[in-house]
$ cat query.tsv   # TSV, C-alpha atoms (C1' of nucleotides)
chain	number	residue	atom	x	y	z
C	1	MET	CA	1.30	19.37	-11.05
C	2	TYR	CA	-0.59	16.82	-9.12
C	3	ASP	CA	-1.42	18.16	-5.70
C	4	LYS	CA	0.16	15.45	-3.68
C	5	CYS	CA	-1.16	11.96	-3.31
C	6	LEU	CA	-2.56	11.52	0.16
C	7	PRO	CA	-4.93	10.16	1.08
C	8	ALA	CA	-3.72	7.67	-1.46
C	9	MET	CA	-5.36	8.82	-4.63
C	10	PRO	CA	-8.82	9.26	-3.20
C	11	ALA	CA	-12.10	9.07	-5.07
C	12	ALA	CA	-9.87	8.80	-8.06
C	13	ALA	CA	-12.08	7.92	-10.97
C	14	ASP	CA	-15.14	9.97	-10.23
C	15	SER	CA	-13.48	13.32	-9.75
C	16	ALA	CA	-13.02	15.71	-12.62
C	17	PHE	CA	-10.08	17.17	-10.76
C	18	GLU	CA	-7.68	14.52	-11.75
C	19	THR	CA	-4.55	15.94	-13.26
C	20	ASP	CA	-2.88	14.33	-16.22
C	21	SER	CA	-0.13	12.96	-14.05
C	22	THR	CA	-2.56	11.38	-11.65
C	23	GLN	CA	-4.69	10.02	-14.45
C	24	LEU	CA	-1.77	8.38	-16.18
C	25	ALA	CA	-0.20	7.18	-12.96
C	26	ARG	CA	-3.38	5.45	-11.96
C	27	ARG	CA	-3.51	3.44	-15.17
C	28	LEU	CA	0.19	2.70	-15.07
C	29	LYS	CA	-0.22	1.39	-11.55
C	30	ALA	CA	-2.81	-1.04	-12.84
C	31	LEU	CA	-0.25	-2.25	-15.33
C	32	ALA	CA	2.69	-2.29	-12.95
C	33	HIS	CA	2.38	-5.82	-11.71
C	34	PRO	CA	3.63	-8.95	-13.43
C	35	ALA	CA	0.43	-10.82	-12.77
C	36	ARG	CA	-1.68	-8.10	-14.30
C	37	LEU	CA	0.63	-7.81	-17.28
C	38	SER	CA	0.28	-11.54	-17.78
C	39	ILE	CA	-3.48	-11.32	-17.49
C	40	ILE	CA	-3.59	-8.68	-20.17
C	41	GLU	CA	-1.43	-10.79	-22.45
C	42	ILE	CA	-3.64	-13.78	-21.89
C	43	LEU	CA	-6.76	-11.80	-22.66
C	44	ALA	CA	-5.17	-10.57	-25.87
C	45	GLU	CA	-4.07	-14.03	-26.96
C	46	ARG	CA	-7.43	-15.64	-26.65
C	47	ASP	CA	-10.01	-13.60	-28.44
C	48	GLU	CA	-12.51	-15.66	-26.55
C	49	CYS	CA	-13.38	-14.25	-23.17
C	50	ILE	CA	-12.24	-16.51	-20.41
C	51	CYS	CA	-11.68	-16.28	-16.71
C	52	GLY	CA	-11.15	-19.66	-15.15
C	53	GLU	CA	-8.48	-20.18	-17.78
C	54	ILE	CA	-6.62	-17.20	-16.45
C	55	VAL	CA	-6.53	-18.79	-13.04
C	56	ALA	CA	-5.26	-22.00	-14.59
C	57	ASP	CA	-2.50	-20.15	-16.40
C	58	LEU	CA	-1.18	-18.27	-13.40
C	59	PRO	CA	0.51	-19.60	-10.27
C	60	LEU	CA	-1.95	-17.74	-8.11
C	61	ALA	CA	-5.02	-18.57	-6.10
C	62	GLN	CA	-8.40	-17.94	-7.64
C	63	SER	CA	-9.17	-15.18	-5.20
C	64	THR	CA	-5.93	-13.42	-5.99
C	65	VAL	CA	-6.59	-13.51	-9.70
C	66	SER	CA	-10.07	-12.20	-9.09
C	67	GLN	CA	-8.63	-9.24	-7.25
C	68	HIS	CA	-6.20	-8.48	-10.05
C	69	LEU	CA	-9.04	-8.61	-12.52
C	70	LYS	CA	-10.98	-6.22	-10.35
C	71	ALA	CA	-8.05	-3.83	-10.34
C	72	LEU	CA	-7.81	-3.96	-14.10
C	73	LYS	CA	-11.54	-3.40	-14.39
C	74	GLU	CA	-11.38	-0.42	-12.07
C	75	ALA	CA	-8.62	1.00	-14.21
C	76	GLY	CA	-10.94	0.62	-17.16
C	77	LEU	CA	-8.57	-1.54	-19.13
C	78	VAL	CA	-10.68	-4.67	-18.95
C	79	GLN	CA	-14.37	-5.35	-19.22
C	80	GLY	CA	-16.21	-8.14	-17.52
C	81	SER	CA	-19.66	-9.48	-18.19
C	82	VAL	CA	-21.54	-12.30	-16.58
C	83	ASP	CA	-22.12	-15.27	-18.85
C	84	GLY	CA	-24.22	-17.81	-17.11
C	85	PRO	CA	-22.31	-19.33	-14.23
C	86	ARG	CA	-19.03	-17.82	-15.34
C	87	THR	CA	-17.70	-14.37	-15.99
C	88	CYS	CA	-16.32	-13.28	-19.27
C	89	TYR	CA	-13.42	-10.86	-19.33
C	90	CYS	CA	-11.84	-9.10	-22.21
C	91	LEU	CA	-9.69	-6.12	-22.96
C	92	ASP	CA	-11.29	-2.78	-23.60
C	93	PRO	CA	-9.56	-1.94	-26.89
C	94	ALA	CA	-10.48	1.73	-26.66
C	95	ALA	CA	-9.03	2.09	-23.20
C	96	VAL	CA	-5.89	0.23	-24.18
C	97	ALA	CA	-5.49	2.44	-27.23
C	98	ALA	CA	-6.06	5.54	-25.14
C	99	LEU	CA	-3.39	4.47	-22.71
C	100	GLU	CA	-1.04	3.73	-25.55
C	101	ASP	CA	-1.69	7.20	-26.95
C	102	ASP	CA	-1.21	8.93	-23.63
C	103	LEU	CA	2.01	7.07	-23.08
C	104	GLY	CA	3.15	7.98	-26.54
C	105	ALA	CA	2.42	11.63	-25.84
C	106	PHE	CA	4.26	11.40	-22.56
C	107	PHE	CA	7.37	9.97	-24.15
C	108	ASP	CA	7.18	12.42	-27.02
C	109	ASP	CA	7.28	15.30	-24.59
C	110	LEU	CA	10.40	13.78	-23.14
C	111	SER	CA	12.30	13.28	-26.33
C	112	PRO	CA	13.57	16.87	-26.88
C	113	THR	CA	16.13	16.09	-24.24
C	114	ALA	CA	17.86	13.44	-26.25
C	115	ALA	CA	21.25	14.04	-24.70
C	116	ASP	CA	22.02	13.27	-21.12
C	117	CYS	CA	23.75	15.97	-19.21
C	118	CYS	CA	25.45	14.38	-16.23
M	15	MET	CA	4.86	-16.34	-16.84
M	16	TYR	CA	6.36	-14.67	-13.90
M	17	ASP	CA	6.61	-17.09	-11.01
M	18	LYS	CA	4.56	-15.16	-8.52
M	19	CYS	CA	5.70	-12.02	-6.82
M	20	LEU	CA	6.52	-12.80	-3.22
M	21	PRO	CA	8.64	-11.77	-1.54
M	22	ALA	CA	7.75	-8.55	-3.28
M	23	MET	CA	9.98	-8.55	-6.29
M	24	PRO	CA	13.15	-9.53	-4.50
M	25	ALA	CA	16.72	-8.85	-5.52
M	26	ALA	CA	15.11	-7.46	-8.59
M	27	ALA	CA	17.78	-5.82	-10.63
M	28	ASP	CA	20.71	-8.11	-10.06
M	29	SER	CA	19.09	-11.40	-10.97
M	30	ALA	CA	19.24	-12.78	-14.45
M	31	PHE	CA	16.07	-14.70	-13.69
M	32	GLU	CA	13.77	-11.84	-14.25
M	33	THR	CA	11.01	-12.61	-16.66
M	34	ASP	CA	9.84	-10.07	-19.18
M	35	SER	CA	6.70	-9.40	-17.23
M	36	THR	CA	8.60	-8.77	-14.04
M	37	GLN	CA	11.15	-6.62	-15.80
M	38	LEU	CA	8.54	-4.43	-17.39
M	39	ALA	CA	6.38	-4.29	-14.30
M	40	ARG	CA	9.29	-3.08	-12.23
M	41	ARG	CA	9.93	-0.14	-14.51
M	42	LEU	CA	6.25	0.64	-14.84
M	43	LYS	CA	5.98	0.73	-11.08
M	44	ALA	CA	8.68	3.36	-11.00
M	45	LEU	CA	6.58	5.39	-13.40
M	46	ALA	CA	3.27	4.72	-11.71
M	47	HIS	CA	3.23	7.63	-9.35
M	48	PRO	CA	2.19	11.19	-10.14
M	49	ALA	CA	5.16	12.67	-8.33
M	50	ARG	CA	7.60	10.53	-10.26
M	51	LEU	CA	5.89	11.28	-13.54
M	52	SER	CA	6.21	14.96	-12.73
M	53	ILE	CA	9.85	14.55	-11.83
M	54	ILE	CA	10.54	12.92	-15.16
M	55	GLU	CA	8.75	15.71	-16.98
M	56	ILE	CA	10.74	18.30	-15.07
M	57	LEU	CA	14.00	16.57	-15.86
M	58	ALA	CA	13.07	16.50	-19.52
M	59	GLU	CA	12.06	20.16	-19.63
M	60	ARG	CA	15.25	21.49	-18.20
M	61	ASP	CA	18.18	20.07	-20.05
M	62	GLU	CA	20.24	21.31	-17.15
M	63	CYS	CA	20.52	18.85	-14.32
M	64	ILE	CA	18.76	20.15	-11.27
M	65	CYS	CA	17.55	18.77	-8.01
M	66	GLY	CA	16.63	21.49	-5.58
M	67	GLU	CA	14.47	22.87	-8.33
M	68	ILE	CA	12.50	19.67	-8.39
M	69	VAL	CA	11.75	20.07	-4.73
M	70	ALA	CA	10.68	23.64	-5.35
M	71	ASP	CA	8.35	22.55	-8.14
M	72	LEU	CA	6.58	19.85	-6.20
M	73	PRO	CA	4.33	20.12	-3.17
M	74	LEU	CA	6.43	17.60	-1.32
M	75	ALA	CA	9.06	17.65	1.36
M	76	GLN	CA	12.69	17.45	0.35
M	77	SER	CA	13.07	14.02	1.87
M	78	THR	CA	10.11	12.72	-0.04
M	79	VAL	CA	11.41	13.98	-3.34
M	80	SER	CA	14.75	12.43	-2.54
M	81	GLN	CA	13.07	9.09	-2.07
M	82	HIS	CA	11.24	9.35	-5.36
M	83	LEU	CA	14.48	10.21	-7.09
M	84	LYS	CA	16.06	7.18	-5.50
M	85	ALA	CA	13.26	5.00	-6.81
M	86	LEU	CA	13.72	6.36	-10.31
M	87	LYS	CA	17.44	5.82	-10.06
M	88	GLU	CA	16.95	2.24	-8.92
M	89	ALA	CA	14.68	1.67	-11.88
M	90	GLY	CA	17.50	2.92	-14.05
M	91	LEU	CA	15.45	5.68	-15.61
M	92	VAL	CA	17.39	8.50	-14.03
M	93	GLN	CA	21.04	9.11	-13.39
M	94	GLY	CA	22.46	11.12	-10.54
M	95	SER	CA	25.93	12.48	-10.07
M	96	VAL	CA	27.35	14.55	-7.31
M	97	ASP	CA	28.29	18.04	-8.37
M	98	GLY	CA	29.94	19.81	-5.51
M	99	PRO	CA	27.48	20.43	-2.74
M	100	ARG	CA	24.52	19.52	-4.88
M	101	THR	CA	23.45	16.49	-6.81
M	102	CYS	CA	22.73	16.54	-10.49
M	103	TYR	CA	19.95	14.40	-11.85
M	104	CYS	CA	18.99	13.71	-15.39
M	105	LEU	CA	17.12	11.21	-17.46
M	106	ASP	CA	18.91	8.23	-18.85
M	107	PRO	CA	17.86	8.57	-22.49
M	108	ALA	CA	18.84	5.01	-23.31
M	109	ALA	CA	16.77	3.58	-20.49
M	110	VAL	CA	13.82	5.76	-21.38
M	111	ALA	CA	14.06	4.70	-25.00
M	112	ALA	CA	14.32	1.06	-23.97
M	113	LEU	CA	11.23	1.35	-21.85
M	114	GLU	CA	9.42	3.06	-24.68
M	115	ASP	CA	10.41	0.23	-26.99
M	116	ASP	CA	9.39	-2.48	-24.58
M	117	LEU	CA	6.06	-0.82	-24.04
M	118	GLY	CA	5.61	-0.50	-27.77
M	119	ALA	CA	6.29	-4.20	-28.18
M	120	PHE	CA	3.89	-5.00	-25.39
M	121	PHE	CA	1.08	-3.03	-26.97
M	122	ASP	CA	1.87	-4.42	-30.40
M	123	ASP	CA	1.42	-7.93	-29.12
M	124	LEU	CA	-1.96	-6.89	-27.85
M	125	SER	CA	-3.25	-5.31	-31.01
M	126	PRO	CA	-4.27	-8.49	-32.92
M	127	THR	CA	-7.30	-8.56	-30.69
M	128	ALA	CA	-8.76	-5.36	-32.00
M	129	ALA	CA	-12.35	-6.33	-31.36
M	130	ASP	CA	-13.80	-6.73	-27.93
M	131	CYS	CA	-15.77	-9.85	-27.36
M	132	CYS	CA	-18.04	-9.25	-24.41
O	7	DA	C1'	37.47	26.27	12.14
O	8	DT	C1'	32.76	27.31	11.71
O	9	DC	C1'	28.71	28.15	9.51
O	10	DG	C1'	25.20	27.45	5.99
O	11	DT	C1'	23.49	25.11	2.05
O	12	DA	C1'	22.13	20.83	-0.32
O	13	DC	C1'	21.06	16.05	-0.24
O	14	DA	C1'	20.66	11.62	1.64
O	15	DT	C1'	19.27	8.63	5.06
O	16	DC	C1'	16.88	7.10	9.31
O	17	DG	C1'	12.95	6.38	11.98
O	18	DC	C1'	8.17	6.70	12.39
O	19	DA	C1'	3.06	6.53	11.29
O	20	DA	C1'	-0.55	5.58	8.24
O	21	DT	C1'	-2.10	3.54	4.15
O	22	DT	C1'	-2.07	0.42	0.56
O	23	DG	C1'	-0.83	-3.99	-1.83
O	24	DA	C1'	-0.44	-8.83	-2.47
O	25	DA	C1'	-1.57	-13.16	-1.28
O	26	DC	C1'	-4.31	-16.71	0.73
O	27	DG	C1'	-8.20	-19.53	2.67
O	28	DA	C1'	-12.90	-19.56	3.69
O	29	DT	C1'	-17.28	-18.39	2.64
O	30	DA	C1'	-21.26	-16.44	0.00
O	31	DA	C1'	-23.89	-15.93	-4.25
O	32	DG	C1'	-25.38	-17.23	-8.72
O	33	DA	C1'	-26.32	-20.56	-12.36
O	34	DC	C1'	-26.67	-24.83	-14.49
O	35	DT	C1'	-27.54	-30.23	-13.74
O	36	DA	C1'	-29.30	-34.29	-12.00
H	5	DT	C1'	-34.52	-29.81	-4.36
H	6	DA	C1'	-29.88	-30.92	-3.81
H	7	DG	C1'	-25.50	-30.71	-5.53
H	8	DT	C1'	-21.78	-28.85	-8.28
H	9	DC	C1'	-19.24	-25.49	-10.53
H	10	DT	C1'	-17.68	-20.72	-11.09
H	11	DT	C1'	-16.68	-16.38	-9.44
H	12	DA	C1'	-16.82	-12.57	-6.08
H	13	DT	C1'	-16.10	-10.98	-1.62
H	14	DC	C1'	-14.59	-11.06	3.32
H	15	DG	C1'	-11.19	-11.29	6.72
H	16	DT	C1'	-6.52	-11.85	7.80
H	17	DT	C1'	-1.52	-11.54	7.49
H	18	DC	C1'	2.74	-9.55	6.11
H	19	DA	C1'	5.37	-6.50	3.36
H	20	DA	C1'	5.89	-2.41	0.70
H	21	DT	C1'	4.70	2.46	-0.17
H	22	DT	C1'	4.04	7.11	0.87
H	23	DG	C1'	4.86	10.89	3.47
H	24	DC	C1'	7.10	13.63	6.98
H	25	DG	C1'	10.45	15.55	10.38
H	26	DA	C1'	14.88	14.99	12.28
H	27	DT	C1'	19.45	13.86	11.79
H	28	DG	C1'	23.74	13.07	9.31
H	29	DT	C1'	27.10	14.19	5.77
H	30	DA	C1'	29.59	16.64	2.42
H	31	DC	C1'	30.95	20.67	0.25
H	32	DG	C1'	31.82	25.92	-0.08
H	33	DA	C1'	32.19	30.08	1.82
H	34	DT	C1'	33.25	33.17	5.48
$ encode --input "query.tsv" --output "structure tokens"
Amino acid sequence: MYDKCLPAMPAAADSAFETDSTQLARRLKALAHPARLSIIEILAERDECICGEIVADLPLAQSTVSQHLKALKEAGLVQGSVDGPRTCYCLDPAAVAALEDDLGAFFDDLSPTAADCC
Amino acid sequence: MYDKCLPAMPAAADSAFETDSTQLARRLKALAHPARLSIIEILAERDECICGEIVADLPLAQSTVSQHLKALKEAGLVQGSVDGPRTCYCLDPAAVAALEDDLGAFFDDLSPTAADCC
DNA sequence: ATCGTACATCGCAATTGAACGATAAGACTA
DNA sequence: TAGTCTTATCGTTCAATTGCGATGTACGAT
């Protein structure tokens, strides 16, 4: 189960009382935006850590991109470290792999019902 | 790219001008809620099509569940058909498989960058 | 014909999300 | 020190989401 959602997935990350559904939903939500998907793709393309380049590659204001990066960081999918005047972002491979695994498990649990019934 | 997001993923499904990112993000958003994840799991468990049972299994009002089901239907992940006085919901196996594939492709594109760089 | 059940939809309130511009903070450079 | 460049954060605006109760609608049964 997941014990409802209000007030809007509170204190999400810190609590040990996060159900599987909530846990997965939180990370999926981080992924569920075209800009954030694009950011992840960009970070994967360049194995160098960039940031300003992300802004240049997206039709969004710098502040907007910064917020998306913050969301991805809070979801644990991306790491950021200060590098002189700029900030260096990159994927967290472990977190990405974990999400991939959890999604795989989720879909595997679904598969027994291969036939639709309606 | 994805050509921004305002006004909030408009006319989403009908347009042929949906980029990959937008397409995927739209379906992920349908998944990115604990209640909807639970609904999908419930639909997969029971190979019989239910609906009232979903309401009984979730700590949510009937109207709320109905809205979540609508969202899943709009995302194409779930099919609903009227069956006398009740409505019969079930997963769309093809859509689920397609989403699984697209996610697999997405993660595969990411994998070249196995090492983190920060 | 009327009642009850089962869903869907409407209307509402509260919260969150997305986007932007403006500003603050930090780090090099001259 | 002053200036520039880069990024984060603040404040604001508008739209979308989440949740609920109430109402509507459709079907079956009495």
$ atom_distance --input "query.tsv" --atom1 "CA of Phe121 in chain M" --atom2 "CA of Val78 in chain C"
14.3 Å
$ atom_distance --input "query.tsv" --atom1 "CA of Thr78 in chain M" --atom2 "C1' of DG28 in chain H"
16.5 Å
$ interface_residues --input "query.tsv" --of "chain H" --to "chain M" --cutoff "10 Å" --atoms "all atoms listed in the file" --output "number ranges by chain"
H: 18-20, 22-25, 30-32
$ write_last_selection --input "query.tsv" --atoms "C-alpha atoms (C1' of nucleotides)" --output "mmCIF file, keeping the file's coordinate frame"
data_model
loop_
_atom_site.group_PDB
_atom_site.id
_atom_site.type_symbol
_atom_site.label_atom_id
_atom_site.label_comp_id
_atom_site.auth_asym_id
_atom_site.auth_seq_id
_atom_site.Cartn_x
_atom_site.Cartn_y
_atom_site.Cartn_z
ATOM 1 C "C1'" DC H 18 2.740 -9.550 6.110
ATOM 2 C "C1'" DA H 19 5.370 -6.500 3.360
ATOM 3 C "C1'" DA H 20 5.890 -2.410 0.700
ATOM 4 C "C1'" DT H 22 4.040 7.110 0.870
ATOM 5 C "C1'" DG H 23 4.860 10.890 3.470
ATOM 6 C "C1'" DC H 24 7.100 13.630 6.980
ATOM 7 C "C1'" DG H 25 10.450 15.550 10.380
ATOM 8 C "C1'" DA H 30 29.590 16.640 2.420
ATOM 9 C "C1'" DC H 31 30.950 20.670 0.250
ATOM 10 C "C1'" DG H 32 31.820 25.920 -0.080
#
$ residues_around --input "query.tsv" --residues "range 54-60 of chain M" --least-positions-apart "5" --cutoff "12 Å" --atoms "only C-alpha atoms (C1' of nucleotides)" --output "JSON, numbers by chain"
{"C": [1, 20, 21, 105, 106, 107, 108, 109, 110, 111, 112, 113, 114, 115, 116, 117, 118], "M": [44, 45, 46, 47, 48, 49, 65, 66, 67, 68, 69, 70, 71, 72, 79, 82, 83, 85, 86, 87, 91, 92, 93, 94, 102, 103, 104, 105, 106, 107, 110]}
$ residues_near_point --input "query.tsv" --point "(-10.2, -5.8, 2.1)" --cutoff "12 Å" --atoms "only C-alpha atoms (C1' of nucleotides)" --output "ChimeraX atom specification"
/C:63-64,67 /O:22-25 /H:13-17
$ interface_residues --input "query.tsv" --of "chain O" --to "chain C" --cutoff "12 Å" --atoms "only C-alpha atoms (C1' of nucleotides)" --output "VMD selection string"
chain O and resid 20 to 29 31 to 34
$ closest_residue --input "query.tsv" --among "C:Gly76, C:Thr87, C:Thr19, C:Lys29" --to "chain M" --atoms "all atoms listed in the file"
C:Lys29
$ atom_distance --input "query.tsv" --atom1 "CA of Ser66 in chain C" --atom2 "CA of Asp102 in chain C"
27.1 Å
$ closest_residue --input "query.tsv" --among "M:Lys84, M:Ser95, M:Ala112, M:Ile64" --to "chain C" --atoms "all atoms listed in the file"
M:Ser95
